[in-house]
file entry.pdb (PDB, C-alpha atoms)
MODEL        1
ATOM      1  CA  MET A  12       0.000   0.000   0.000
ATOM      2  CA  ILE A  13       1.454   3.357  -1.064
ATOM      3  CA  ILE A  14       1.060   6.169   1.455
ATOM      4  CA  ASN A  15       1.348   9.691   0.053
ATOM      5  CA  LYS A  16       3.043  12.615   1.763
ATOM      6  CA  THR A  17      -0.213  14.157   3.007
ATOM      7  CA  GLU A  18      -1.254  10.931   4.724
ATOM      8  CA  LYS A  19       2.144  10.653   6.420
ATOM      9  CA  ILE A  20       1.848  14.202   7.729
ATOM     10  CA  ALA A  21      -1.725  13.497   8.859
ATOM     11  CA  ARG A  22      -0.573  10.481  10.852
ATOM     12  CA  LEU A  23       2.190  12.470  12.543
ATOM     13  CA  ALA A  24      -0.278  15.258  13.348
ATOM     14  CA  TYR A  25      -2.704  12.683  14.749
ATOM     15  CA  LEU A  26      -0.079  10.983  16.928
ATOM     16  CA  PHE A  27       1.377  14.237  18.267
ATOM     17  CA  GLY A  28      -2.155  15.457  18.916
ATOM     18  CA  LEU A  29      -3.105  12.364  20.924
ATOM     19  CA  LEU A  30       0.188  12.503  22.844
ATOM     20  CA  GLY A  31      -0.408  16.143  23.742
ATOM     21  CA  LEU A  32      -3.999  15.514  24.779
ATOM     22  CA  PHE A  33      -2.883  12.601  26.952
ATOM     23  CA  GLY A  34      -0.241  14.773  28.620
ATOM     24  CA  LEU A  35      -2.730  17.528  29.378
ATOM     25  CA  PHE A  36      -5.322  15.072  30.661
ATOM     26  CA  LEU A  37      -2.860  13.237  32.890
ATOM     27  CA  GLY A  38      -1.327  16.356  34.409
ATOM     28  CA  ILE A  39      -4.599  18.146  35.128
ATOM     29  CA  VAL A  40      -6.685  15.172  36.306
ATOM     30  CA  ILE A  41      -4.024  13.792  38.653
ATOM     31  CA  SER A  42      -3.389  17.257  40.111
ATOM     32  CA  VAL A  43      -7.086  17.893  40.751
ATOM     33  CA  LEU A  44      -7.606  14.442  42.288
ATOM     34  CA  VAL A  45      -4.605  14.849  44.617
ATOM     35  CA  GLU A  46      -5.888  18.246  45.749
ATOM     36  CA  TYR A  47      -9.314  16.769  46.511
ATOM     37  CA  ILE A  48      -7.724  13.890  48.422
ATOM     38  CA  GLN A  49      -5.532  16.239  50.466
ATOM     39  CA  TYR A  50      -8.011  19.023  51.189
ATOM     40  CA  GLY A  51     -11.439  17.466  50.671
ATOM     41  CA  ASP A  52     -14.272  19.987  50.719
ATOM     42  CA  LYS A  53     -11.797  22.850  51.183
ATOM     43  CA  TYR A  54     -10.774  22.496  47.557
ATOM     44  CA  SER A  55     -13.279  23.360  44.831
ATOM     45  CA  LEU A  56     -12.907  23.977  41.110
ATOM     46  CA  LEU A  57     -15.600  26.630  41.552
ATOM     47  CA  GLN A  58     -13.213  28.643  43.698
ATOM     48  CA  PHE A  59      -9.602  27.784  42.811
ATOM     49  CA  SER A  60      -8.106  28.539  39.414
ATOM     50  CA  LEU A  61      -5.892  26.472  37.147
ATOM     51  CA  SER A  62      -3.095  28.967  37.817
ATOM     52  CA  GLU A  63      -3.350  28.528  41.582
ATOM     53  CA  LEU A  64      -3.154  24.768  41.139
ATOM     54  CA  GLY A  65       0.161  25.307  39.336
ATOM     55  CA  THR A  66       1.630  27.740  41.866
ATOM     56  CA  TYR A  67       4.753  26.442  43.593
ATOM     57  CA  ASN A  68       4.793  26.704  47.413
ATOM     58  CA  ARG A  69       0.990  26.791  47.325
ATOM     59  CA  SER A  70       0.088  23.523  45.576
ATOM     60  CA  SER A  71       1.783  20.171  46.141
ATOM     61  CA  THR A  72       0.877  19.099  42.609
ATOM     62  CA  ALA A  73       2.212  22.180  40.824
ATOM     63  CA  ILE A  74       4.968  20.276  39.048
ATOM     64  CA  LEU A  75       2.436  17.741  37.695
ATOM     65  CA  ILE A  76       0.011  20.220  36.200
ATOM     66  CA  ASN A  77       2.742  22.549  34.924
ATOM     67  CA  GLY A  78       4.550  19.618  33.329
ATOM     68  CA  GLY A  79       1.325  18.423  31.723
ATOM     69  CA  LEU A  80       0.561  21.901  30.392
ATOM     70  CA  PHE A  81       4.083  22.447  29.074
ATOM     71  CA  PHE A  82       4.861  19.115  27.423
ATOM     72  CA  GLY A  83       1.261  18.427  26.381
ATOM     73  CA  SER A  84       0.904  21.836  24.742
ATOM     74  CA  LEU A  85       4.256  21.530  22.969
ATOM     75  CA  SER A  86       3.092  18.236  21.474
ATOM     76  CA  LEU A  87      -0.161  19.877  20.374
ATOM     77  CA  THR A  88       1.886  22.692  18.862
ATOM     78  CA  MET A  89       3.767  20.121  16.780
ATOM     79  CA  SER A  90       0.430  18.632  15.728
ATOM     80  CA  CYS A  91      -0.742  22.041  14.529
ATOM     81  CA  ILE A  92       2.532  22.627  12.673
ATOM     82  CA  PHE A  93       1.871  19.424  10.734
ATOM     83  CA  GLY A  94      -1.698  20.637  10.209
ATOM     84  CA  LEU A  95      -0.296  23.849   8.716
ATOM     85  CA  GLN A  96       1.647  21.782   6.193
ATOM     86  CA  MET A  97      -1.608  20.136   5.100
ATOM     87  CA  SER A  98      -3.394  23.441   4.559
ATOM     88  CA  HIS A  99      -3.957  24.748   1.029
ATOM     89  CA  ARG A 100      -6.061  27.852   1.743
ATOM     90  CA  LEU A 101      -5.362  31.171   3.450
ATOM     91  CA  SER A 102      -8.171  30.610   5.948
ATOM     92  CA  GLY A 103      -6.760  27.203   6.881
ATOM     93  CA  GLY A 104      -3.239  28.561   7.188
ATOM     94  CA  LEU A 105      -4.399  31.368   9.474
ATOM     95  CA  LEU A 106      -6.318  28.835  11.588
ATOM     96  CA  TRP A 107      -3.264  26.629  12.157
ATOM     97  CA  LEU A 108      -0.990  29.613  12.826
ATOM     98  CA  SER A 109      -3.465  30.903  15.390
ATOM     99  CA  LEU A 110      -3.699  27.472  17.029
ATOM    100  CA  ILE A 111       0.102  27.230  17.136
ATOM    101  CA  ILE A 112       0.271  30.518  19.047
ATOM    102  CA  THR A 113      -2.587  29.386  21.302
ATOM    103  CA  PHE A 114      -0.824  26.192  22.355
ATOM    104  CA  ILE A 115       2.574  27.893  22.698
ATOM    105  CA  SER A 116       0.937  30.323  25.118
ATOM    106  CA  LEU A 117      -0.678  27.393  26.979
ATOM    107  CA  ALA A 118       2.770  25.802  27.257
ATOM    108  CA  ALA A 119       4.064  29.131  28.591
ATOM    109  CA  ILE A 120       1.355  29.073  31.287
ATOM    110  CA  GLY A 121       2.926  25.838  32.529
ATOM    111  CA  LEU A 122       6.505  27.013  32.024
ATOM    112  CA  PHE A 123       5.917  30.325  33.829
ATOM    113  CA  PRO A 124       3.575  29.593  36.763
ATOM    114  CA  LEU A 125       1.877  32.260  38.848
ATOM    115  CA  ASN A 126       5.106  32.626  40.816
ATOM    116  CA  VAL A 127       6.498  34.339  37.705
ATOM    117  CA  HIS A 128       3.555  36.711  37.795
ATOM    118  CA  HIS A 129       4.063  39.039  34.821
ATOM    119  CA  LEU A 130       4.979  36.322  32.314
ATOM    120  CA  HIS A 131       2.135  34.115  33.524
ATOM    121  CA  ILE A 132      -0.439  36.877  33.070
ATOM    122  CA  GLN A 133       0.904  37.621  29.576
ATOM    123  CA  ALA A 134       0.662  33.933  28.620
ATOM    124  CA  VAL A 135      -2.929  33.744  29.877
ATOM    125  CA  SER A 136      -3.931  36.862  27.926
ATOM    126  CA  ILE A 137      -2.380  35.525  24.685
ATOM    127  CA  TYR A 138      -4.107  32.177  25.207
ATOM    128  CA  ILE A 139      -7.510  33.846  25.669
ATOM    129  CA  TYR A 140      -7.171  36.148  22.653
ATOM    130  CA  PHE A 141      -5.737  33.628  20.208
ATOM    131  CA  GLY A 142      -8.086  30.902  21.427
ATOM    132  CA  PHE A 143     -10.905  33.262  20.455
ATOM    133  CA  PHE A 144      -9.335  33.986  17.042
ATOM    134  CA  SER A 145      -8.666  30.277  16.421
ATOM    135  CA  ALA A 146     -12.265  29.345  17.159
ATOM    136  CA  ALA A 147     -13.571  32.058  14.823
ATOM    137  CA  LEU A 148     -11.200  30.934  12.056
ATOM    138  CA  CYS A 149     -12.205  27.287  12.535
ATOM    139  CA  ILE A 150     -15.864  28.205  12.133
ATOM    140  CA  ILE A 151     -15.004  30.021   8.886
ATOM    141  CA  GLU A 152     -12.896  27.103   7.626
ATOM    142  CA  CYS A 153     -15.602  24.539   8.420
ATOM    143  CA  ALA A 154     -18.222  26.738   6.753
ATOM    144  CA  ILE A 155     -16.069  26.951   3.606
ATOM    145  CA  LYS A 156     -15.504  23.176   3.427
ATOM    146  CA  ARG A 157     -19.092  22.226   4.352
ATOM    147  CA  LYS A 158     -18.165  18.636   5.200
ATOM    148  CA  ALA A 159     -20.250  16.562   7.615
ATOM    149  CA  ALA A 160     -17.020  15.045   8.994
ATOM    150  CA  LEU A 161     -16.097  18.467  10.383
ATOM    151  CA  SER A 162     -19.327  18.994  12.310
ATOM    152  CA  MET A 163     -17.784  18.206  15.716
ATOM    153  CA  PRO A 164     -14.804  20.577  15.285
ATOM    154  CA  PHE A 165     -17.344  23.186  14.171
ATOM    155  CA  ILE A 166     -19.479  22.681  17.291
ATOM    156  CA  PHE A 167     -16.563  22.728  19.750
ATOM    157  CA  SER A 168     -15.003  25.772  18.103
ATOM    158  CA  GLY A 169     -18.334  27.542  18.554
ATOM    159  CA  ILE A 170     -18.330  26.675  22.264
ATOM    160  CA  VAL A 171     -14.731  27.916  22.650
ATOM    161  CA  LEU A 172     -15.717  31.132  20.860
ATOM    162  CA  LEU A 173     -18.588  31.676  23.311
ATOM    163  CA  ILE A 174     -16.438  30.945  26.393
ATOM    164  CA  HIS A 175     -13.567  33.206  25.357
ATOM    165  CA  GLY A 176     -16.021  35.838  24.197
ATOM    166  CA  ALA A 177     -17.665  35.748  27.633
ATOM    167  CA  ILE A 178     -14.272  36.211  29.304
ATOM    168  CA  LEU A 179     -13.372  39.112  27.022
ATOM    169  CA  SER A 180     -16.754  40.783  27.519
ATOM    170  CA  HIS A 181     -15.179  42.979  30.146
ATOM    171  CA  GLU A 182     -18.227  45.226  30.454
ATOM    172  CA  TYR A 183     -19.942  42.347  32.270
ATOM    173  CA  TRP A 184     -17.146  42.222  34.857
ATOM    174  CA  ARG A 185     -16.736  46.027  35.140
ATOM    175  CA  GLU A 186     -18.575  46.338  38.450
ATOM    176  CA  SER A 187     -16.249  43.933  40.281
ATOM    177  CA  LEU A 188     -12.985  44.614  38.442
ATOM    178  CA  GLY A 189     -12.942  48.380  38.014
ATOM    179  CA  ALA A 190     -13.427  50.909  35.246
ATOM    180  CA  LYS A 191     -11.086  49.481  32.570
ATOM    181  CA  PRO A 192     -10.227  45.883  33.451
ATOM    182  CA  ILE A 193      -8.540  44.917  30.184
ATOM    183  CA  SER A 194      -6.408  48.038  29.763
ATOM    184  CA  ASP A 195      -5.375  47.876  33.398
ATOM    185  CA  GLY A 196      -4.584  44.172  33.141
ATOM    186  CA  MET A 197      -7.141  43.516  35.858
ATOM    187  CA  LEU A 198      -9.247  41.087  33.853
ATOM    188  CA  PHE A 199      -6.468  38.543  33.311
ATOM    189  CA  GLN A 200      -5.250  39.062  36.850
ATOM    190  CA  ALA A 201      -8.750  38.230  38.092
ATOM    191  CA  ILE A 202      -8.819  35.038  35.987
ATOM    192  CA  VAL A 203      -5.762  33.547  37.681
ATOM    193  CA  SER A 204      -5.965  34.962  41.212
ATOM    194  CA  GLN A 205      -8.579  36.902  43.140
ATOM    195  CA  SER A 206      -8.656  38.328  46.651
ATOM    196  CA  PRO A 207     -10.900  38.176  48.559
ATOM    197  CA  LYS A 208     -11.881  34.877  46.999
ATOM    198  CA  PRO A 209     -15.614  34.467  46.249
ATOM    199  CA  GLU A 210     -17.331  31.125  46.823
ATOM    200  CA  VAL A 211     -18.174  30.902  43.116
ATOM    201  CA  TRP A 212     -15.478  32.466  40.949
ATOM    202  CA  TRP A 213     -17.003  32.797  37.494
ATOM    203  CA  LEU A 214     -13.905  33.975  35.634
ATOM    204  CA  SER A 215     -11.961  31.006  36.945
ATOM    205  CA  ILE A 216     -14.820  28.649  36.065
ATOM    206  CA  LEU A 217     -14.860  30.018  32.513
ATOM    207  CA  PHE A 218     -11.105  29.445  32.292
ATOM    208  CA  TRP A 219     -11.540  25.823  33.415
ATOM    209  CA  CYS A 220     -14.326  25.452  30.834
ATOM    210  CA  SER A 221     -11.999  26.881  28.197
ATOM    211  CA  ILE A 222      -9.293  24.306  28.947
ATOM    212  CA  VAL A 223     -11.763  21.404  28.885
ATOM    213  CA  THR A 224     -13.488  22.556  25.697
ATOM    214  CA  MET A 225     -10.175  23.277  23.990
ATOM    215  CA  TRP A 226      -9.127  19.709  24.847
ATOM    216  CA  LEU A 227     -12.335  18.292  23.337
ATOM    217  CA  TRP A 228     -11.989  20.562  20.305
ATOM    218  CA  MET A 229      -8.466  19.342  19.595
ATOM    219  CA  LEU A 230      -9.603  15.747  20.130
ATOM    220  CA  SER A 231     -12.334  16.258  17.530
ATOM    221  CA  ILE A 232      -9.765  17.691  15.089
ATOM    222  CA  CYS A 233      -7.552  14.641  15.618
ATOM    223  CA  ARG A 234     -10.471  12.264  15.162
ATOM    224  CA  TRP A 235     -12.265  13.850  12.214
ATOM    225  CA  TYR A 236      -9.463  15.687  10.414
ATOM    226  CA  PHE A 237      -6.116  14.026  11.079
ATOM    227  CA  LEU A 238      -7.057  10.377  11.328
ATOM    228  CA  PRO A 239      -5.691   8.871   8.088
ATOM    229  CA  HIS A 240      -8.846   7.125   6.860
ATOM    230  CA  ARG A 241     -10.817  10.346   7.395
ATOM    231  CA  GLN A 242      -8.254  12.581   5.732
ATOM    232  CA  MET A 243      -9.453  12.245   2.181
ATOM    233  CA  LYS A 244     -13.043  12.904   3.277
ATOM    234  CA  ALA A 245     -12.092  16.109   5.067
ATOM    235  CA  ASN A 246     -10.243  17.597   2.090
TER     236      ASN A 246
ENDMDL
END
call {"tool": "encode", "arguments": {"input": "entry.pdb", "output": "structure tokens"}}
result
Amino acid sequence: MIINKTEKIARLAYLFGLLGLFGLFLGIVISVLVEYIQYGDKYSLLQFSLSELGTYNRSSTAILINGGLFFGSLSLTMSCIFGLQMSHRLSGGLLWLSLIITFISLAAIGLFPLNVHHLHIQAVSIYIYFGFFSAALCIIECAIKRKAALSMPFIFSGIVLLIHGAILSHEYWRESLGAKPISDGMLFQAIVSQSPKPEVWWLSILFWCSIVTMWLWMLSICRWYFLPHRQMKAN
């Protein structure tokens, strides 16, 4: 059986994608479970952010979640680089470039934890913005192709767009964050750490939802775009 260059690239993209998703899943799930085992009801995803879970001297599982974010996101970045090589349209190229920046920034969130405050906040802001752009570009790309096989990536990209759009709708958070939360950097600061800490921390919850939905979105891309026997149907 002769395998062409595109199919080889698709397989590499698929394998790197699955490896990255596994790394993210392992790092985050183990960290959350350990925190629940150690602190019980005192720990809640409704109150503590992803960034706080990765803060050294505050979380005993910081190295696990930061390692998962860093190595998992780098693998996903490689997957998107291979995806870029498979793209033949401007819209597709912009989508993969945007996703590459998104996952590099997610890797930077793990590499520069909240202890390195300024760099961590910058990484979070880039992730939010480019995650939003990537989702919008994916919707455009799926609309152009109009393939049933891309329906799941289309749906998950729409959810990511809504979540990131809700985070960036700073007018909604104006009352609690101040007059100009984005220009003052207060919005992204409030995503990762807030004091006093409310019982239900909506910005942090949206950030958790973003990570989970981004994971499912990338899984759907691996399954319905990269998987070799689906490749010819998606193009």
call {"tool": "atom_distance", "arguments": {"input": "entry.pdb", "atom1": "CA of Leu23 (chain A)", "atom2": "CA of Leu238 (chain A)"}}
result
9.6 Å
call {"tool": "resolve_selection", "arguments": {"input": "entry.pdb", "expression": "the PyMOL selection byres ((chain A and resi 140-155) around 8)", "output": "PyMOL selection string"}}
result
chain A and resi 102-103+105-107+109-110+112-113+136-139+156-158+161-162+164-165+168-169+171-172+175-176
call {"tool": "atom_distance", "arguments": {"input": "entry.pdb", "atom1": "CA of Ser231 (chain A)", "atom2": "CA of Leu44 (chain A)"}}
result
25.3 Å
call {"tool": "atom_distance", "arguments": {"input": "entry.pdb", "atom1": "CA of Val211 (chain A)", "atom2": "CA of Ser180 (chain A)"}}
result
18.5 Å
call {"tool": "residues_around", "arguments": {"input": "entry.pdb", "residues": "Ile174 (chain A)", "least_positions_apart": "3", "cutoff": "9 Å", "atoms": "only C-alpha atoms", "output": "PyMOL selection string"}}
result
chain A and resi 143+169-171+177-179+217-218+220-221+224
call {"tool": "residues_around", "arguments": {"input": "entry.pdb", "residues": "Tyr25 (chain A)", "least_positions_apart": "6", "cutoff": "7 Å", "atoms": "all atoms listed in the file", "output": "compact mmCIF listing (two decimals) with C-alpha atoms, keeping the file's coordinate frame"}}
result
# COMPACT_ATOMS: atom_id res chain seq x y z
CA SER A 90 0.43 18.63 15.73
CA CYS A 233 -7.55 14.64 15.62
CA PHE A 237 -6.12 14.03 11.08
CA LEU A 238 -7.06 10.38 11.33
call {"tool": "build_atoms", "arguments": {"input": "entry.pdb", "residues": "region 121-146 of chain A", "atoms": "N, CA, C and O atoms", "output": "PDB file, in the frame of the given file"}}
result
ATOM      1  N   GLY A 121       2.299  26.857  31.700  1.00  0.00           N
ATOM      2  CA  GLY A 121       2.926  25.838  32.529  1.00  0.00           C
ATOM      3  C   GLY A 121       4.379  26.137  32.827  1.00  0.00           C
ATOM      4  O   GLY A 121       4.873  25.863  33.923  1.00  0.00           O
ATOM      5  N   LEU A 122       5.083  26.705  31.846  1.00  0.00           N
ATOM      6  CA  LEU A 122       6.505  27.013  32.024  1.00  0.00           C
ATOM      7  C   LEU A 122       6.711  28.164  33.010  1.00  0.00           C
ATOM      8  O   LEU A 122       7.653  28.144  33.807  1.00  0.00           O
ATOM      9  N   PHE A 123       5.831  29.162  32.939  1.00  0.00           N
ATOM     10  CA  PHE A 123       5.917  30.325  33.829  1.00  0.00           C
ATOM     11  C   PHE A 123       4.688  30.333  34.743  1.00  0.00           C
ATOM     12  O   PHE A 123       3.670  30.934  34.388  1.00  0.00           O
ATOM     13  N   PRO A 124       4.734  29.647  35.864  1.00  0.00           N
ATOM     14  CA  PRO A 124       3.575  29.593  36.763  1.00  0.00           C
ATOM     15  C   PRO A 124       3.287  30.956  37.397  1.00  0.00           C
ATOM     16  O   PRO A 124       3.995  31.939  37.124  1.00  0.00           O
ATOM     17  N   LEU A 125       2.294  31.003  38.229  1.00  0.00           N
ATOM     18  CA  LEU A 125       1.877  32.260  38.848  1.00  0.00           C
ATOM     19  C   LEU A 125       2.984  32.880  39.687  1.00  0.00           C
ATOM     20  O   LEU A 125       2.967  34.086  39.943  1.00  0.00           O
ATOM     21  N   ASN A 126       3.957  32.086  40.092  1.00  0.00           N
ATOM     22  CA  ASN A 126       5.106  32.626  40.816  1.00  0.00           C
ATOM     23  C   ASN A 126       5.872  33.633  39.968  1.00  0.00           C
ATOM     24  O   ASN A 126       6.452  34.587  40.478  1.00  0.00           O
ATOM     25  N   VAL A 127       5.890  33.381  38.645  1.00  0.00           N
ATOM     26  CA  VAL A 127       6.498  34.339  37.705  1.00  0.00           C
ATOM     27  C   VAL A 127       5.353  35.190  37.160  1.00  0.00           C
ATOM     28  O   VAL A 127       4.918  35.024  36.013  1.00  0.00           O
ATOM     29  N   HIS A 128       4.865  36.089  37.968  1.00  0.00           N
ATOM     30  CA  HIS A 128       3.555  36.711  37.795  1.00  0.00           C
ATOM     31  C   HIS A 128       3.360  37.366  36.434  1.00  0.00           C
ATOM     32  O   HIS A 128       2.396  37.074  35.716  1.00  0.00           O
ATOM     33  N   HIS A 129       4.256  38.263  36.048  1.00  0.00           N
ATOM     34  CA  HIS A 129       4.063  39.039  34.821  1.00  0.00           C
ATOM     35  C   HIS A 129       4.007  38.147  33.590  1.00  0.00           C
ATOM     36  O   HIS A 129       3.119  38.287  32.740  1.00  0.00           O
ATOM     37  N   LEU A 130       4.947  37.218  33.471  1.00  0.00           N
ATOM     38  CA  LEU A 130       4.979  36.322  32.314  1.00  0.00           C
ATOM     39  C   LEU A 130       3.758  35.408  32.283  1.00  0.00           C
ATOM     40  O   LEU A 130       3.233  35.102  31.208  1.00  0.00           O
ATOM     41  N   HIS A 131       3.313  34.980  33.459  1.00  0.00           N
ATOM     42  CA  HIS A 131       2.135  34.115  33.524  1.00  0.00           C
ATOM     43  C   HIS A 131       0.891  34.858  33.036  1.00  0.00           C
ATOM     44  O   HIS A 131       0.108  34.312  32.246  1.00  0.00           O
ATOM     45  N   ILE A 132       0.721  36.081  33.483  1.00  0.00           N
ATOM     46  CA  ILE A 132      -0.439  36.877  33.070  1.00  0.00           C
ATOM     47  C   ILE A 132      -0.407  37.124  31.567  1.00  0.00           C
ATOM     48  O   ILE A 132      -1.437  37.045  30.872  1.00  0.00           O
ATOM     49  N   GLN A 133       0.778  37.413  31.016  1.00  0.00           N
ATOM     50  CA  GLN A 133       0.904  37.621  29.576  1.00  0.00           C
ATOM     51  C   GLN A 133       0.527  36.359  28.804  1.00  0.00           C
ATOM     52  O   GLN A 133      -0.155  36.431  27.777  1.00  0.00           O
ATOM     53  N   ALA A 134       0.977  35.204  29.293  1.00  0.00           N
ATOM     54  CA  ALA A 134       0.662  33.933  28.620  1.00  0.00           C
ATOM     55  C   ALA A 134      -0.834  33.672  28.641  1.00  0.00           C
ATOM     56  O   ALA A 134      -1.411  33.226  27.642  1.00  0.00           O
ATOM     57  N   VAL A 135      -1.485  33.941  29.768  1.00  0.00           N
ATOM     58  CA  VAL A 135      -2.929  33.744  29.877  1.00  0.00           C
ATOM     59  C   VAL A 135      -3.674  34.656  28.902  1.00  0.00           C
ATOM     60  O   VAL A 135      -4.608  34.224  28.215  1.00  0.00           O
ATOM     61  N   SER A 136      -3.250  35.913  28.817  1.00  0.00           N
ATOM     62  CA  SER A 136      -3.931  36.862  27.926  1.00  0.00           C
ATOM     63  C   SER A 136      -3.784  36.442  26.465  1.00  0.00           C
ATOM     64  O   SER A 136      -4.750  36.517  25.694  1.00  0.00           O
ATOM     65  N   ILE A 137      -2.588  35.980  26.060  1.00  0.00           N
ATOM     66  CA  ILE A 137      -2.380  35.525  24.685  1.00  0.00           C
ATOM     67  C   ILE A 137      -3.228  34.292  24.401  1.00  0.00           C
ATOM     68  O   ILE A 137      -3.834  34.161  23.329  1.00  0.00           O
ATOM     69  N   TYR A 138      -3.289  33.383  25.373  1.00  0.00           N
ATOM     70  CA  TYR A 138      -4.107  32.177  25.207  1.00  0.00           C
ATOM     71  C   TYR A 138      -5.574  32.537  24.991  1.00  0.00           C
ATOM     72  O   TYR A 138      -6.237  31.981  24.101  1.00  0.00           O
ATOM     73  N   ILE A 139      -6.096  33.460  25.785  1.00  0.00           N
ATOM     74  CA  ILE A 139      -7.510  33.846  25.669  1.00  0.00           C
ATOM     75  C   ILE A 139      -7.784  34.491  24.315  1.00  0.00           C
ATOM     76  O   ILE A 139      -8.739  34.137  23.610  1.00  0.00           O
ATOM     77  N   TYR A 140      -6.946  35.440  23.912  1.00  0.00           N
ATOM     78  CA  TYR A 140      -7.171  36.148  22.653  1.00  0.00           C
ATOM     79  C   TYR A 140      -7.043  35.220  21.445  1.00  0.00           C
ATOM     80  O   TYR A 140      -7.915  35.195  20.571  1.00  0.00           O
ATOM     81  N   PHE A 141      -5.953  34.461  21.378  1.00  0.00           N
ATOM     82  CA  PHE A 141      -5.737  33.628  20.208  1.00  0.00           C
ATOM     83  C   PHE A 141      -6.631  32.393  20.210  1.00  0.00           C
ATOM     84  O   PHE A 141      -6.914  31.836  19.146  1.00  0.00           O
ATOM     85  N   GLY A 142      -7.072  31.944  21.386  1.00  0.00           N
ATOM     86  CA  GLY A 142      -8.086  30.902  21.427  1.00  0.00           C
ATOM     87  C   GLY A 142      -9.376  31.383  20.788  1.00  0.00           C
ATOM     88  O   GLY A 142     -10.048  30.647  20.050  1.00  0.00           O
ATOM     89  N   PHE A 143      -9.718  32.640  21.053  1.00  0.00           N
ATOM     90  CA  PHE A 143     -10.905  33.262  20.455  1.00  0.00           C
ATOM     91  C   PHE A 143     -10.741  33.358  18.941  1.00  0.00           C
ATOM     92  O   PHE A 143     -11.646  32.980  18.171  1.00  0.00           O
ATOM     93  N   PHE A 144      -9.579  33.859  18.481  1.00  0.00           N
ATOM     94  CA  PHE A 144      -9.335  33.986  17.042  1.00  0.00           C
ATOM     95  C   PHE A 144      -9.343  32.617  16.356  1.00  0.00           C
ATOM     96  O   PHE A 144      -9.895  32.469  15.254  1.00  0.00           O
ATOM     97  N   SER A 145      -8.726  31.627  17.009  1.00  0.00           N
ATOM     98  CA  SER A 145      -8.666  30.277  16.421  1.00  0.00           C
ATOM     99  C   SER A 145     -10.056  29.695  16.241  1.00  0.00           C
ATOM    100  O   SER A 145     -10.354  29.084  15.205  1.00  0.00           O
ATOM    101  N   ALA A 146     -10.903  29.877  17.244  1.00  0.00           N
ATOM    102  CA  ALA A 146     -12.265  29.345  17.159  1.00  0.00           C
ATOM    103  C   ALA A 146     -13.042  30.014  16.030  1.00  0.00           C
ATOM    104  O   ALA A 146     -13.753  29.347  15.268  1.00  0.00           O
TER     105      ALA A 146
END
